[in-house]
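First up is the structure itself, then whatever we jot down about it.
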Amino acid sequence: MTTESKIEIPVCSPTIGERESDLVNQCLKDGWISGISPYVERFESSFAKYCGCDYGVACNSGTTALHLALASLGIENGDEVIIPTFTMIATPNAVTYTGARSVLVDSELDTWNIDVSIIESKITPKTKAIMPVHTYGHPVDMDPVNELARKHGLKVIEDAAEAHGAEYKGRRTGSLSDVGCFSFYANKIITTGEGGMIVTNDKEIAEKAKWLRAHAFGRGGKHFYHEAVGFGYRFSGLQAAFGLAQLERIDEFVSNRRKNARLYNSLLSVLGNKISLPPEAPWAKNIYWMYSILIENSFGISRQELMDRLATKGVESRTFFYPVHVQPIYSAQHAAEEFPVADELSKKGINLPSSNSMTEEEVRYVCKCIVEYST
Ligand SMILES: Cc1ncc(COP(=O)(O)O)c(C=O)c1O
């Protein structure tokens, strides 16, 4: 390790092997490179099955997966969708694309996810859906969310962009609601470079999403005749070939992340309440997309100072998201509301190196640096 500021241990980098090249080359030879491809179908059905769902519809990003899910469920102008304020910007943006409005809910400190106990107070006659986010790989407490949705006739969409393989009461994320949405961006648990997928057990939703994904071409012989405004959200055969190779290793990736999280937890526990460790509720399997901690005031140096010092040791780290209610594009709509937990998470949190292939030695090195910097 050097003391230069060159990053040597990234927050999250993909694990790519020869199998990815082999399958992509096979796809090139077969010529099935675009959106209509047996590779896409195989990737869709294999990933959906992995999640415990009957259908998968792949698309070109996690953001477009969210938009496609909302559009397929009929969310439109004038509707309201309940989301956590503590999330990545793609969650509210996808709602905005439909013409609907995001209604924000604060987080809970126990899981860093949407505070389920607040959701009902945010339901209005305009509410059409709840879109919880499995933040940093920890599942949301979905039973009460689904119960509220049943009671008020709402749809539920999981933003599972960060939670491939995470489990709630033994069931995988994505399968816990009407539709689950995933991202396959390069820093996700499995990647296709760029890409996303919706998974569902509802055949009608899957068929509508497939139709909308590629321009809503006309059916019954009238191909270039359009009865809905569809999207250019196709996913390519090349991406699917790559994704099939990644999927073969997903169990290894998840178990390495969990092993590293256990090591991080045990080495950082010497800091006591100077930091807060990432949550794992008794009913949850966290896959630690980002192994993250909160830097408490008693740590001794500020979060920024810690991050700067880690950078000089070649350790990359990231701050948590800025919540939606402080984003310049949304803040005016939420000026009168308060979200103290999300604000606290946003101020205190950092994501530490979390790649699939991170070694035990690297985890030990990162922890040694953090412990040394605490006063
Ligand atoms: C919670 C969440 N939703 C959606 C997305 C969007 O995924 P993509 O970058 O593939 O569009 C991300 C990306 O990191 C995310 O973290």
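By order of appearance in the structure tokens: chains A, B, ..., then residues from 1 within every chain, and ligands from 1 in the order shown.
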Contacts to ligand 1 at 6 Å cut-off (only C-alpha atoms and all ligand atoms) as JSON, numbers by chain: {"A": [61, 62, 63, 87, 88, 90, 91, 133, 159, 161, 162, 183, 184, 185, 195, 196]}
Store the residues picked out above in a file with C-alpha atoms, as a short mmCIF file (atom, residue, chain, number, x, y, z; two decimals), in the first residue's frame.
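Produced file selection36.cif, reproduced below:
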data_model
loop_
_atom_site.label_atom_id
_atom_site.label_comp_id
_atom_site.auth_asym_id
_atom_site.auth_seq_id
_atom_site.Cartn_x
_atom_site.Cartn_y
_atom_site.Cartn_z
CA SER A 61 -31.00 0.47 -16.64
CA GLY A 62 -32.34 0.28 -13.13
CA THR A 63 -33.91 3.69 -13.66
CA THR A 87 -32.66 7.07 -1.64
CA MET A 88 -30.72 7.51 -4.84
CA ALA A 90 -33.42 7.51 -9.74
CA THR A 91 -36.29 6.56 -7.40
CA VAL A 133 -36.16 0.83 -1.45
CA ASP A 159 -36.74 -0.67 -5.73
CA ALA A 161 -31.56 -1.91 -7.42
CA GLU A 162 -29.13 -2.42 -4.52
CA SER A 183 -30.06 -2.43 -11.67
CA PHE A 184 -27.12 -4.16 -13.33
CA TYR A 185 -24.86 -1.11 -13.36
CA GLY A 195 -28.90 -2.64 -17.51
CA GLY A 196 -31.87 -3.43 -15.36
#
Would you mind listing what lies within 8 Å of Glu362 of chain A as a PyMOL selection string, with only C-alpha atoms counted and same-chain residues fewer than 4 positions away left out? chain A and resi 9+358+366
Write the residues of the selection above to a file with N, CA and C atoms, as a PDB file, in the first residue's frame.
ATOM      1  N   ILE A   9      -8.127   0.633  -3.175  1.00  0.00           N
ATOM      2  CA  ILE A   9      -9.251  -0.221  -2.771  1.00  0.00           C
ATOM      3  C   ILE A   9     -10.531   0.566  -3.056  1.00  0.00           C
ATOM      4  N   MET A 358     -13.465  -8.373  -2.832  1.00  0.00           N
ATOM      5  CA  MET A 358     -12.585  -7.779  -1.830  1.00  0.00           C
ATOM      6  C   MET A 358     -12.012  -8.883  -0.930  1.00  0.00           C
ATOM      7  N   VAL A 366      -8.415  -1.684   5.712  1.00  0.00           N
ATOM      8  CA  VAL A 366      -9.362  -0.552   5.822  1.00  0.00           C
ATOM      9  C   VAL A 366      -9.706  -0.330   7.301  1.00  0.00           C
TER      10      VAL A 366
END
One number please: atom CA of Lys222 of chain A to atom CA of Ala69 of chain A, in Å, one decimal.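 Between these atoms lies a distance of 25.2 Å.
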Give me every helix (DSSP H, G or I) residue in segment 116-201 of chain A, going by DSSP on the backbone, as a ChimeraX atom specification. /A:116-122,135-137,142-152
To one decimal place, how far is atom CA of Ser266 of chain A from atom CA of Glu372 of chain A in Å?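 Atom-to-atom, atom CA of Ser266 of chain A to atom CA of Glu372 of chain A, that is 15.5 Å.
A straight line drawn from atom CA of Ala58 of chain A to atom CA of Arg172 of chain A is 18.0 Å long.
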Looking at A:Glu108, A:Asp343, A:Asp54, A:Glu360, which one is nearest to Asp202 of chain A, with distances taken over only C-alpha atoms?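 Comparing A:Glu108, A:Asp343, A:Asp54, A:Glu360 against Asp202 of chain A, the winner is A:Asp54.
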With 10 Å as the cut-off and only C-alpha atoms counted, what is the closest atom pair between each nearby residue of segment 245-285 of chain A and segment 16-28 of chain A? Distances in Å to one decimal, ordered by chain and number, as a tab-separated table.
residue	atom	partner	partner_atom	distance
A:Ala245	CA	A:Glu20	CA	5.2
A:Gln246	CA	A:Glu20	CA	7.1
A:Glu248	CA	A:Arg19	CA	9.3
Please write the residues from the selection above to a file, keeping N, CA and C atoms, as a compact mmCIF listing (two decimals), in the first residue's frame.
# COMPACT_ATOMS: atom_id res chain seq x y z
N ALA A 245 -23.25 -15.02 -17.35
CA ALA A 245 -21.99 -15.44 -16.70
C ALA A 245 -21.93 -14.91 -15.27
N GLN A 246 -22.38 -13.67 -15.09
CA GLN A 246 -22.38 -13.09 -13.73
C GLN A 246 -23.31 -13.87 -12.81
N GLU A 248 -24.09 -16.91 -12.82
CA GLU A 248 -23.52 -18.20 -12.36
C GLU A 248 -22.74 -18.03 -11.06
Name the residues of segment 1-230 of chain A that fall into strand (DSSP E) according to DSSP on the backbone, using the chain letters and numbers of this document, as number ranges by chain. A: 55-59, 80-84, 101-105, 127-130, 155-159, 167-168, 171-172, 179-183, 196-200
Output for the residues just chosen: C-alpha atoms as a short mmCIF file (atom, residue, chain, number, x, y, z; two decimals), in the first residue's frame:
data_model
loop_
_atom_site.label_atom_id
_atom_site.label_comp_id
_atom_site.auth_asym_id
_atom_site.auth_seq_id
_atom_site.Cartn_x
_atom_site.Cartn_y
_atom_site.Cartn_z
CA TYR A 55 -41.34 -13.44 -15.21
CA GLY A 56 -38.45 -11.09 -15.91
CA VAL A 57 -38.37 -8.14 -18.31
CA ALA A 58 -34.86 -6.81 -18.91
CA CYS A 59 -34.26 -3.20 -19.87
CA GLU A 80 -48.96 10.04 -5.94
CA VAL A 81 -46.32 7.43 -5.17
CA ILE A 82 -44.91 6.99 -1.67
CA ILE A 83 -41.13 6.59 -1.50
CA PRO A 84 -38.41 7.04 1.12
CA ARG A 101 -45.60 13.11 -7.65
CA SER A 102 -43.33 11.52 -5.03
CA VAL A 103 -44.62 11.66 -1.47
CA LEU A 104 -41.66 11.35 0.86
CA VAL A 105 -41.33 9.31 4.03
CA THR A 127 -51.97 7.66 -3.78
CA LYS A 128 -51.60 4.80 -6.26
CA ALA A 129 -48.43 3.01 -5.16
CA ILE A 130 -45.78 2.55 -2.50
CA LYS A 155 -49.67 -1.25 -5.82
CA VAL A 156 -46.25 -2.02 -4.35
CA ILE A 157 -43.02 -1.76 -6.34
CA GLU A 158 -39.74 -2.75 -4.74
CA ASP A 159 -36.74 -0.67 -5.73
CA GLU A 167 -33.87 -11.93 1.78
CA TYR A 168 -36.91 -10.99 3.84
CA ARG A 171 -37.79 -14.85 0.44
CA ARG A 172 -35.67 -12.91 -2.02
CA VAL A 179 -43.05 -5.80 -9.16
CA GLY A 180 -39.37 -5.78 -8.21
CA CYS A 181 -36.84 -3.58 -10.03
CA PHE A 182 -33.11 -4.25 -10.29
CA SER A 183 -30.06 -2.43 -11.67
CA GLY A 196 -31.87 -3.43 -15.36
CA MET A 197 -34.81 -5.80 -14.96
CA ILE A 198 -38.28 -5.95 -13.56
CA VAL A 199 -39.43 -9.24 -12.04
CA THR A 200 -43.00 -10.19 -11.26
#
Exercise: Ile329 of chain A partners within 12 Å, only C-alpha atoms, chain neighbours under 5 positions left out, as a ChimeraX atom specification: /A:89,92-93,96,323-324,334-335
Between A:His134, A:Lys126, A:His164, A:Lys347, which residue has the minimum interatomic distance to Phe47 of chain A, considering only C-alpha atoms?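 Once distances to Phe47 of chain A are computed over only C-alpha atoms, the minimum belongs to A:His164.
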